[in-house]
>>> print(open('upload-v7.json').read())   # JSON, C-alpha atoms
[["chain", "number", "residue", "atom", "x", "y", "z"],
["L", 17, "MET", "CA", 0.00, 0.00, 0.00],
["L", 18, "ASP", "CA", 1.60, 3.26, -1.07],
["L", 19, "ILE", "CA", 1.03, 6.72, 0.41],
["L", 20, "GLU", "CA", -1.70, 7.63, -2.07],
["L", 21, "GLN", "CA", -3.69, 4.51, -1.29],
["L", 22, "LEU", "CA", -3.26, 5.17, 2.42],
["L", 23, "LEU", "CA", -4.51, 8.76, 2.07],
["L", 24, "ASN", "CA", -7.48, 7.55, 0.06],
["L", 25, "PHE", "CA", -8.25, 5.03, 2.76],
["L", 26, "ILE", "CA", -7.95, 7.53, 5.59],
["L", 27, "ASN", "CA", -10.24, 10.15, 4.15],
["L", 28, "PHE", "CA", -12.82, 12.33, 5.78],
["L", 29, "ASP", "CA", -15.71, 9.94, 5.08],
["L", 30, "SER", "CA", -13.92, 7.03, 6.74],
["L", 31, "PHE", "CA", -13.13, 9.08, 9.81],
["L", 32, "LEU", "CA", -16.70, 10.32, 10.02],
["L", 33, "THR", "CA", -18.11, 6.81, 9.62],
["L", 34, "ILE", "CA", -15.76, 5.35, 12.24],
["L", 35, "GLY", "CA", -16.41, 8.31, 14.57],
["L", 36, "ILE", "CA", -20.17, 7.96, 14.35],
["L", 37, "LYS", "CA", -19.96, 4.19, 14.79],
["L", 38, "LEU", "CA", -17.77, 4.53, 17.91],
["L", 39, "PHE", "CA", -19.94, 7.30, 19.31],
["L", 40, "GLY", "CA", -23.04, 5.20, 18.59],
["L", 41, "ILE", "CA", -21.75, 2.08, 20.33],
["L", 42, "VAL", "CA", -20.42, 3.92, 23.40],
["L", 43, "GLY", "CA", -23.47, 6.20, 23.62],
["L", 44, "ALA", "CA", -25.93, 3.32, 23.25],
["L", 45, "ILE", "CA", -24.14, 1.28, 25.94],
["L", 46, "PHE", "CA", -24.16, 4.26, 28.33],
["L", 47, "TYR", "CA", -27.83, 4.86, 27.55],
["L", 48, "THR", "CA", -28.70, 1.22, 28.29],
["L", 49, "VAL", "CA", -26.80, 1.24, 31.60],
["L", 50, "PHE", "CA", -28.46, 4.51, 32.59],
["L", 51, "SER", "CA", -31.90, 3.12, 31.65],
["L", 52, "ILE", "CA", -31.33, 0.16, 33.95],
["L", 53, "VAL", "CA", -30.32, 2.55, 36.77],
["L", 54, "VAL", "CA", -33.46, 4.62, 36.15],
["L", 55, "PHE", "CA", -35.58, 1.45, 36.19],
["L", 56, "ARG", "CA", -34.10, 0.45, 39.57],
["L", 57, "GLN", "CA", -34.53, 3.97, 40.89],
["L", 58, "THR", "CA", -38.17, 4.04, 39.75],
["L", 59, "GLN", "CA", -38.74, 0.94, 41.86],
["L", 60, "VAL", "CA", -37.11, 2.68, 44.86],
["L", 61, "MET", "CA", -39.27, 5.76, 44.32],
["L", 62, "LYS", "CA", -42.45, 3.73, 44.11],
["L", 63, "ARG", "CA", -41.52, 2.00, 47.36],
["L", 64, "THR", "CA", -40.86, 5.35, 49.06],
["L", 65, "VAL", "CA", -44.17, 6.87, 48.04],
["L", 66, "GLU", "CA", -46.89, 4.56, 46.78],
["L", 67, "ILE", "CA", -48.72, 6.39, 44.04],
["L", 68, "LYS", "CA", -51.46, 4.89, 41.93],
["L", 69, "ASP", "CA", -50.06, 4.88, 38.41],
["L", 70, "GLY", "CA", -51.30, 1.46, 37.32],
["L", 71, "GLY", "CA", -47.76, 0.27, 36.55],
["L", 72, "LEU", "CA", -47.30, 2.98, 33.91],
["L", 73, "LEU", "CA", -44.02, 4.31, 35.28],
["L", 74, "LEU", "CA", -42.32, 0.93, 35.45],
["L", 75, "SER", "CA", -43.63, 0.09, 31.96],
["L", 76, "PHE", "CA", -42.07, 3.26, 30.59],
["L", 77, "ALA", "CA", -38.80, 2.52, 32.43],
["L", 78, "SER", "CA", -38.81, -0.99, 30.88],
["L", 79, "ILE", "CA", -39.43, 0.45, 27.41],
["L", 80, "GLN", "CA", -36.37, 2.66, 27.89],
["L", 81, "CYS", "CA", -34.23, -0.37, 28.67],
["L", 82, "ILE", "CA", -35.54, -2.16, 25.55],
["L", 83, "VAL", "CA", -34.85, 0.93, 23.42],
["L", 84, "GLY", "CA", -31.32, 1.01, 24.87],
["L", 85, "VAL", "CA", -30.68, -2.61, 23.82],
["L", 86, "LEU", "CA", -32.11, -1.92, 20.35],
["L", 87, "LEU", "CA", -29.79, 1.09, 19.99],
["L", 88, "VAL", "CA", -26.78, -1.05, 20.94],
["L", 89, "LEU", "CA", -27.77, -3.69, 18.35],
["L", 90, "TYR", "CA", -28.38, -1.01, 15.71],
["L", 91, "SER", "CA", -25.03, 0.65, 16.39],
["L", 92, "LEU", "CA", -23.20, -2.70, 16.25],
["L", 93, "PHE", "CA", -24.79, -4.27, 13.18],
["L", 94, "ILE", "CA", -26.48, -1.59, 11.06],
["L", 95, "LEU", "CA", -24.63, 1.67, 11.71],
["H", 5, "MET", "CA", -66.15, 16.39, 64.85],
["H", 6, "PRO", "CA", -65.49, 18.33, 61.68],
["H", 7, "THR", "CA", -62.86, 21.03, 61.72],
["H", 8, "VAL", "CA", -63.03, 24.08, 59.52],
["H", 9, "PHE", "CA", -59.99, 24.95, 57.37],
["H", 10, "GLY", "CA", -60.90, 28.25, 55.76],
["H", 11, "LYS", "CA", -64.08, 27.77, 53.78],
["H", 12, "LYS", "CA", -63.85, 24.02, 53.58],
["H", 13, "LYS", "CA", -65.02, 21.59, 56.17],
["H", 14, "VAL", "CA", -62.53, 18.78, 56.60],
["H", 15, "ASN", "CA", -63.28, 15.81, 58.78],
["H", 16, "ARG", "CA", -60.23, 14.40, 60.51],
["H", 17, "ASP", "CA", -61.83, 11.02, 61.19],
["H", 18, "ALA", "CA", -60.16, 8.60, 58.79],
["H", 19, "SER", "CA", -63.20, 6.49, 58.23],
["H", 20, "ALA", "CA", -65.48, 9.41, 57.55],
["H", 21, "SER", "CA", -63.08, 11.66, 55.63],
["H", 22, "LYS", "CA", -63.34, 11.96, 51.88],
["H", 23, "SER", "CA", -60.25, 12.15, 49.71],
["H", 24, "SER", "CA", -60.01, 15.12, 47.37],
["H", 25, "HIS", "CA", -57.40, 16.64, 45.12],
["H", 26, "ARG", "CA", -56.79, 19.90, 43.27],
["H", 27, "PHE", "CA", -54.23, 21.52, 40.94],
["H", 28, "LEU", "CA", -53.89, 18.45, 38.68],
["H", 29, "ARG", "CA", -53.30, 16.06, 41.60],
["H", 30, "SER", "CA", -50.61, 18.19, 43.19],
["H", 31, "PHE", "CA", -52.59, 19.02, 46.33],
["H", 32, "TYR", "CA", -54.43, 16.17, 48.06],
["H", 33, "LEU", "CA", -56.53, 16.22, 51.20],
["H", 34, "TYR", "CA", -56.83, 12.87, 52.94],
["H", 35, "PRO", "CA", -55.41, 10.84, 50.05],
["H", 36, "SER", "CA", -55.59, 7.07, 50.04],
["H", 37, "LEU", "CA", -51.84, 6.93, 49.46],
["H", 38, "LYS", "CA", -49.06, 5.37, 51.53],
["H", 39, "PHE", "CA", -45.41, 6.12, 52.11],
["H", 40, "GLU", "CA", -42.47, 4.01, 53.20],
["H", 41, "THR", "CA", -41.98, 5.18, 56.79],
["H", 42, "GLN", "CA", -45.66, 5.48, 57.62],
["H", 43, "THR", "CA", -46.65, 3.98, 60.96],
["H", 44, "HIS", "CA", -49.89, 2.07, 61.62],
["H", 45, "THR", "CA", -51.41, 4.94, 63.61],
["H", 46, "GLU", "CA", -50.42, 7.60, 61.11],
["H", 47, "GLN", "CA", -52.95, 9.03, 58.70],
["H", 48, "ILE", "CA", -52.04, 11.31, 55.81],
["H", 49, "VAL", "CA", -53.91, 14.61, 56.10],
["H", 50, "LEU", "CA", -52.22, 16.55, 53.33],
["H", 51, "PHE", "CA", -50.07, 15.44, 50.41],
["H", 52, "PHE", "CA", -48.56, 17.85, 47.91],
["H", 53, "ARG", "CA", -46.00, 18.25, 45.19],
["H", 54, "ALA", "CA", -44.85, 21.23, 43.11],
["H", 55, "HIS", "CA", -47.54, 23.12, 41.24],
["H", 56, "PRO", "CA", -47.88, 21.78, 37.65],
["H", 57, "ILE", "CA", -47.27, 25.22, 36.15],
["H", 58, "THR", "CA", -43.71, 25.16, 37.57],
["H", 59, "GLN", "CA", -43.00, 22.24, 35.23],
["H", 60, "LEU", "CA", -43.59, 24.38, 32.17],
["H", 61, "SER", "CA", -39.88, 25.11, 31.57],
["H", 62, "TRP", "CA", -38.91, 21.50, 30.89],
["H", 63, "ILE", "CA", -42.09, 20.91, 28.86],
["H", 64, "ILE", "CA", -41.13, 23.78, 26.55],
["H", 65, "THR", "CA", -37.56, 22.42, 26.34],
["H", 66, "ALA", "CA", -38.94, 18.98, 25.44],
["H", 67, "PHE", "CA", -41.09, 20.52, 22.71],
["H", 68, "PHE", "CA", -38.06, 22.16, 21.10],
["H", 69, "MET", "CA", -36.10, 18.93, 21.48],
["H", 70, "ALA", "CA", -38.91, 17.13, 19.62],
["H", 71, "ILE", "CA", -38.77, 19.45, 16.62],
["H", 72, "ALA", "CA", -34.97, 19.87, 16.53],
["H", 73, "PRO", "CA", -34.34, 16.79, 14.29],
["H", 74, "LEU", "CA", -36.46, 18.39, 11.56],
["H", 75, "VAL", "CA", -33.77, 21.05, 11.30],
["H", 76, "PHE", "CA", -30.60, 19.03, 11.78],
["H", 77, "ASN", "CA", -31.77, 16.25, 9.44],
["H", 78, "ILE", "CA", -31.82, 18.79, 6.64],
["H", 79, "LEU", "CA", -28.42, 20.19, 7.65],
["H", 80, "LEU", "CA", -26.74, 16.79, 8.02],
["H", 81, "SER", "CA", -28.28, 14.97, 5.06],
["H", 82, "PRO", "CA", -25.55, 16.02, 2.53],
["H", 83, "TYR", "CA", -22.78, 14.64, 4.76],
["H", 84, "LEU", "CA", -24.25, 11.51, 6.34],
["H", 85, "LYS", "CA", -25.75, 8.25, 5.13],
["H", 86, "VAL", "CA", -29.42, 7.50, 5.72],
["H", 87, "ARG", "CA", -28.72, 4.78, 8.30],
["H", 88, "GLN", "CA", -26.52, 7.22, 10.24],
["H", 89, "ILE", "CA", -29.21, 9.90, 10.26],
["H", 90, "ILE", "CA", -31.80, 7.31, 11.40],
["H", 91, "PHE", "CA", -29.51, 6.30, 14.27],
["H", 92, "ILE", "CA", -28.91, 9.91, 15.34],
["H", 93, "ASP", "CA", -32.67, 10.56, 15.27],
["H", 94, "LEU", "CA", -33.43, 7.40, 17.29],
["H", 95, "PHE", "CA", -30.73, 8.26, 19.83],
["H", 96, "TRP", "CA", -31.99, 11.82, 20.08],
["H", 97, "TYR", "CA", -35.61, 10.76, 20.69],
["H", 98, "ALA", "CA", -34.51, 8.11, 23.21],
["H", 99, "PHE", "CA", -32.56, 10.82, 25.03],
["H", 100, "MET", "CA", -35.60, 13.12, 24.88],
["H", 101, "GLY", "CA", -37.83, 10.35, 26.26],
["H", 102, "THR", "CA", -35.45, 9.88, 29.18],
["H", 103, "TYR", "CA", -35.34, 13.63, 29.80],
["H", 104, "ILE", "CA", -39.15, 13.78, 29.94],
["H", 105, "PHE", "CA", -39.39, 10.65, 32.07],
["H", 106, "LEU", "CA", -36.83, 11.89, 34.61],
["H", 107, "ASN", "CA", -38.65, 15.21, 34.92],
["H", 108, "ILE", "CA", -41.98, 13.45, 35.44],
["H", 109, "LEU", "CA", -40.38, 11.21, 38.10],
["H", 110, "THR", "CA", -38.85, 14.22, 39.83],
["H", 111, "TRP", "CA", -42.20, 16.00, 39.88],
["H", 112, "LEU", "CA", -44.18, 12.97, 41.01],
["H", 113, "PHE", "CA", -41.89, 11.84, 43.81],
["H", 114, "ASN", "CA", -40.59, 15.09, 45.30],
["H", 115, "VAL", "CA", -43.48, 15.40, 47.70],
["H", 116, "GLY", "CA", -44.48, 16.84, 51.03],
["H", 117, "ILE", "CA", -46.62, 14.80, 53.37],
["H", 118, "VAL", "CA", -48.44, 16.06, 56.43],
["H", 119, "THR", "CA", -49.82, 13.37, 58.68],
["H", 120, "ASN", "CA", -51.65, 13.58, 61.99],
["H", 121, "GLU", "CA", -48.26, 12.97, 63.71],
["H", 122, "ARG", "CA", -45.51, 14.59, 61.64],
["H", 123, "ILE", "CA", -44.40, 16.37, 58.49],
["H", 124, "VAL", "CA", -42.35, 14.44, 55.94],
["H", 125, "ASP", "CA", -40.37, 15.91, 53.05],
["H", 126, "VAL", "CA", -39.34, 13.42, 50.35],
["H", 127, "ASP", "CA", -36.69, 14.69, 47.93],
["H", 128, "PHE", "CA", -34.97, 12.95, 45.06],
["H", 129, "HIS", "CA", -32.03, 14.97, 43.79],
["H", 130, "ASN", "CA", -31.23, 14.19, 40.13],
["H", 131, "VAL", "CA", -33.44, 11.11, 40.57],
["H", 132, "LEU", "CA", -30.49, 9.15, 41.99],
["H", 133, "TYR", "CA", -30.17, 10.69, 45.47],
["H", 134, "LYS", "CA", -32.92, 10.20, 47.99],
["H", 135, "GLU", "CA", -33.48, 12.38, 51.04],
["H", 136, "VAL", "CA", -36.35, 11.95, 53.46],
["H", 137, "THR", "CA", -36.71, 14.57, 56.21],
["H", 138, "ALA", "CA", -39.33, 14.23, 58.91],
["H", 139, "SER", "CA", -40.32, 16.25, 61.92],
["H", 140, "HIS", "CA", -42.92, 15.55, 64.59],
["H", 141, "LEU", "CA", -45.68, 18.13, 64.89],
["H", 142, "ALA", "CA", -44.74, 18.71, 68.54],
["H", 143, "ASN", "CA", -41.26, 19.87, 67.46],
["H", 144, "ILE", "CA", -42.46, 22.44, 64.96],
["H", 145, "GLU", "CA", -41.87, 26.01, 66.09],
["H", 146, "ASP", "CA", -42.85, 28.09, 63.14],
["H", 147, "VAL", "CA", -44.51, 27.77, 59.74],
["H", 148, "THR", "CA", -43.74, 30.47, 57.18],
["H", 149, "VAL", "CA", -45.38, 31.00, 53.81],
["H", 150, "ARG", "CA", -43.55, 32.93, 51.14],
["H", 151, "THR", "CA", -45.12, 33.81, 47.80],
["H", 152, "GLY", "CA", -44.02, 36.25, 45.17],
["H", 153, "GLY", "CA", -43.77, 36.82, 41.46],
["H", 154, "PHE", "CA", -46.23, 37.09, 38.63],
["H", 155, "LEU", "CA", -46.80, 33.39, 37.94],
["H", 156, "ALA", "CA", -46.97, 32.52, 41.65],
["H", 157, "SER", "CA", -49.68, 35.13, 42.19],
["H", 158, "VAL", "CA", -51.71, 34.12, 39.15],
["H", 159, "PHE", "CA", -51.50, 30.37, 39.74],
["H", 160, "LYS", "CA", -51.54, 30.54, 43.53],
["H", 161, "TYR", "CA", -48.35, 28.74, 44.50],
["H", 162, "GLY", "CA", -45.40, 29.51, 46.75],
["H", 163, "ASN", "CA", -42.93, 28.22, 49.30],
["H", 164, "LEU", "CA", -43.59, 26.85, 52.76],
["H", 165, "PHE", "CA", -40.86, 26.82, 55.40],
["H", 166, "VAL", "CA", -41.23, 24.73, 58.52],
["H", 167, "GLN", "CA", -38.85, 25.60, 61.36],
["H", 168, "THR", "CA", -38.25, 22.84, 63.86],
["H", 169, "ALA", "CA", -36.88, 22.80, 67.39],
["H", 170, "GLY", "CA", -33.63, 21.22, 68.46],
["H", 171, "ALA", "CA", -31.47, 19.12, 66.18],
["H", 172, "GLU", "CA", -34.22, 18.25, 63.70],
["H", 173, "ALA", "CA", -33.71, 19.66, 60.24],
["H", 174, "ASN", "CA", -35.86, 22.50, 58.98],
["H", 175, "ILE", "CA", -38.17, 21.55, 56.15],
["H", 176, "GLU", "CA", -38.77, 23.46, 52.94],
["H", 177, "PHE", "CA", -41.50, 22.89, 50.42],
["H", 178, "ILE", "CA", -40.84, 24.81, 47.23],
["H", 179, "ASP", "CA", -43.48, 25.94, 44.71],
["H", 180, "ILE", "CA", -46.37, 24.10, 46.30],
["H", 181, "PRO", "CA", -49.97, 24.93, 45.41],
["H", 182, "ASP", "CA", -51.95, 26.99, 47.90],
["H", 183, "PRO", "CA", -49.22, 27.24, 50.58],
["H", 184, "THR", "CA", -51.47, 29.39, 52.78],
["H", 185, "GLU", "CA", -54.01, 26.62, 53.14],
["H", 186, "ALA", "CA", -51.23, 24.09, 53.73],
["H", 187, "ALA", "CA", -49.84, 26.31, 56.51],
["H", 188, "ARG", "CA", -53.31, 26.69, 58.00],
["H", 189, "ILE", "CA", -53.79, 22.93, 58.08],
["H", 190, "ILE", "CA", -50.36, 22.38, 59.64],
["H", 191, "ASN", "CA", -50.95, 25.06, 62.28],
["H", 192, "SER", "CA", -54.32, 23.56, 63.08],
["H", 193, "LEU", "CA", -52.77, 20.11, 63.50],
["H", 194, "ILE", "CA", -50.01, 21.55, 65.70],
["H", 195, "GLY", "CA", -52.61, 23.32, 67.83],
["H", 196, "LYS", "CA", -54.58, 20.14, 68.19],
["H", 197, "LYS", "CA", -51.43, 18.17, 69.09],
["H", 198, "LYS", "CA", -50.40, 20.70, 71.73],
["H", 199, "ASP", "CA", -53.88, 20.68, 73.20],
["H", 200, "GLY", "CA", -53.41, 16.96, 73.64],
["H", 201, "HIS", "CA", -56.17, 15.75, 71.31]]
>>> encode(input="upload-v7.json", output="structure tokens")
Amino acid sequence: MDIEQLLNFINFDSFLTIGIKLFGIVGAIFYTVFSIVVFRQTQVMKRTVEIKDGGLLLSFASIQCIVGVLLVLYSLFIL
Amino acid sequence: MPTVFGKKKVNRDASASKSSHRFLRSFYLYPSLKFETQTHTEQIVLFFRAHPITQLSWIITAFFMAIAPLVFNILLSPYLKVRQIIFIDLFWYAFMGTYIFLNILTWLFNVGIVTNERIVDVDFHNVLYKEVTASHLANIEDVTVRTGGFLASVFKYGNLFVQTAGAEANIEFIDIPDPTEAARIINSLIGKKKDGH
């Protein structure tokens, strides 16, 4: 591989693609971990003060965790 | 025996009292709710959280967050692939959903509870840190109401400061609906407690 080929390989588009992919994977993993923490904390909150929400809050917290996992999968295999 | 709080007649007998709420469920009288440290003899008289109008700032922010992708999709489309733009949009809306959810949780669970025995302040700082402050009615020395500002006057909300005796921490309730009535109820309960009822 000569210098010209190397410069063609390391172009702006490649950097951008790799950057977005890395950002996507790391961001999605952080989001998933944070969603799990929020889910746990929602349980703690509901124990502290029992409000009648019909399970809506925990459902929404669960949806966030699922979305987090989907984002990780998307960033790994599609992005 | 019914007791009069302002214009409303409120019965303190648990079996006979009727639960009511105002200000979009941010001000409850005799709610059928429970909290973690509640004792068997304790009955919730008043339960409140911040006035809903004080939540307007994050609702407006969320609205602008919801429409932001319409702008940056157009700006980014020449430089990014479709799958990358879809991911950024998904990530953005997931982030926005979390932002809304955390604000709803903060509003719902940062509450003040007045029971027939004590006052409890439940605070969750940044959702992750929990702080529960309680003071017995007998230890309360002073209840101060502070209201001010255009919105507070129009929508009838303000701050309530409860000063306690001794080593017990003072309690603050910020932006609660109808703080004057809350103070009146607390003072009435204190009076009743000191009279030995």
>>> closest_residue(input="upload-v7.json", among="H:Arg188, H:Lys134, H:Lys196, H:Lys38", to="chain L", atoms="all atoms listed in the file")
H:Lys38
>>> interface_residues(input="upload-v7.json", of="chain H", to="chain L", cutoff="10 Å", atoms="all atoms listed in the file", output="VMD selection string")
chain H and resid 36 to 42 83 to 92 94 to 95 98 to 99 101 to 102 105 to 106 108 to 110 112 to 115 117 126 to 128 131 to 134 136
>>> residues_around(input="upload-v7.json", residues="His140 (chain H)", least_positions_apart="5", cutoff="7 Å", atoms="all atoms listed in the file", output="ChimeraX atom specification")
/H:121-123
>>> residues_around(input="upload-v7.json", residues="Ser139 (chain H)", least_positions_apart="3", cutoff="9 Å", atoms="only C-alpha atoms", output="VMD selection string")
chain H and resid 121 to 125 142 to 144 168 172 to 175
>>> atom_distance(input="upload-v7.json", atom1="CA of Ser61 (chain H)", atom2="CA of Thr184 (chain H)")
24.5 Å
>>> atom_distance(input="upload-v7.json", atom1="CA of Thr58 (chain H)", atom2="CA of Asn130 (chain H)")
16.8 Å
>>> atom_distance(input="upload-v7.json", atom1="CA of Ile64 (chain H)", atom2="CA of Ser78 (chain L)")
25.3 Å
>>> closest_residue(input="upload-v7.json", among="L:Val49, L:Ile34, L:Asp69, L:Asp18", to="Ile82 (chain L)", atoms="only C-alpha atoms")
L:Val49
>>> residues_around(input="upload-v7.json", residues="Phe67 (chain H)", least_positions_apart="5", cutoff="10 Å", atoms="all atoms listed in the file", output="PyMOL selection string")
chain H and resi 62+72+100
>>> decode(input="upload-v7.json", residues="region 42-92 of chain L", atoms="C-alpha atoms", output="short mmCIF file (atom, residue, chain, number, x, y, z; two decimals), in the first residue's frame")
data_model
loop_
_atom_site.label_atom_id
_atom_site.label_comp_id
_atom_site.auth_asym_id
_atom_site.auth_seq_id
_atom_site.Cartn_x
_atom_site.Cartn_y
_atom_site.Cartn_z
CA VAL L 42 -20.42 3.92 23.40
CA GLY L 43 -23.47 6.20 23.62
CA ALA L 44 -25.93 3.32 23.25
CA ILE L 45 -24.14 1.28 25.94
CA PHE L 46 -24.16 4.26 28.33
CA TYR L 47 -27.83 4.86 27.55
CA THR L 48 -28.70 1.22 28.29
CA VAL L 49 -26.80 1.24 31.60
CA PHE L 50 -28.46 4.51 32.59
CA SER L 51 -31.90 3.12 31.65
CA ILE L 52 -31.33 0.16 33.95
CA VAL L 53 -30.32 2.55 36.77
CA VAL L 54 -33.46 4.62 36.15
CA PHE L 55 -35.58 1.45 36.19
CA ARG L 56 -34.10 0.45 39.57
CA GLN L 57 -34.53 3.97 40.89
CA THR L 58 -38.17 4.04 39.75
CA GLN L 59 -38.74 0.94 41.86
CA VAL L 60 -37.11 2.68 44.86
CA MET L 61 -39.27 5.76 44.32
CA LYS L 62 -42.45 3.73 44.11
CA ARG L 63 -41.52 2.00 47.36
CA THR L 64 -40.86 5.35 49.06
CA VAL L 65 -44.17 6.87 48.04
CA GLU L 66 -46.89 4.56 46.78
CA ILE L 67 -48.72 6.39 44.04
CA LYS L 68 -51.46 4.89 41.93
CA ASP L 69 -50.06 4.88 38.41
CA GLY L 70 -51.30 1.46 37.32
CA GLY L 71 -47.76 0.27 36.55
CA LEU L 72 -47.30 2.98 33.91
CA LEU L 73 -44.02 4.31 35.28
CA LEU L 74 -42.32 0.93 35.45
CA SER L 75 -43.63 0.09 31.96
CA PHE L 76 -42.07 3.26 30.59
CA ALA L 77 -38.80 2.52 32.43
CA SER L 78 -38.81 -0.99 30.88
CA ILE L 79 -39.43 0.45 27.41
CA GLN L 80 -36.37 2.66 27.89
CA CYS L 81 -34.23 -0.37 28.67
CA ILE L 82 -35.54 -2.16 25.55
CA VAL L 83 -34.85 0.93 23.42
CA GLY L 84 -31.32 1.01 24.87
CA VAL L 85 -30.68 -2.61 23.82
CA LEU L 86 -32.11 -1.92 20.35
CA LEU L 87 -29.79 1.09 19.99
CA VAL L 88 -26.78 -1.05 20.94
CA LEU L 89 -27.77 -3.69 18.35
CA TYR L 90 -28.38 -1.01 15.71
CA SER L 91 -25.03 0.65 16.39
CA LEU L 92 -23.20 -2.70 16.25
#
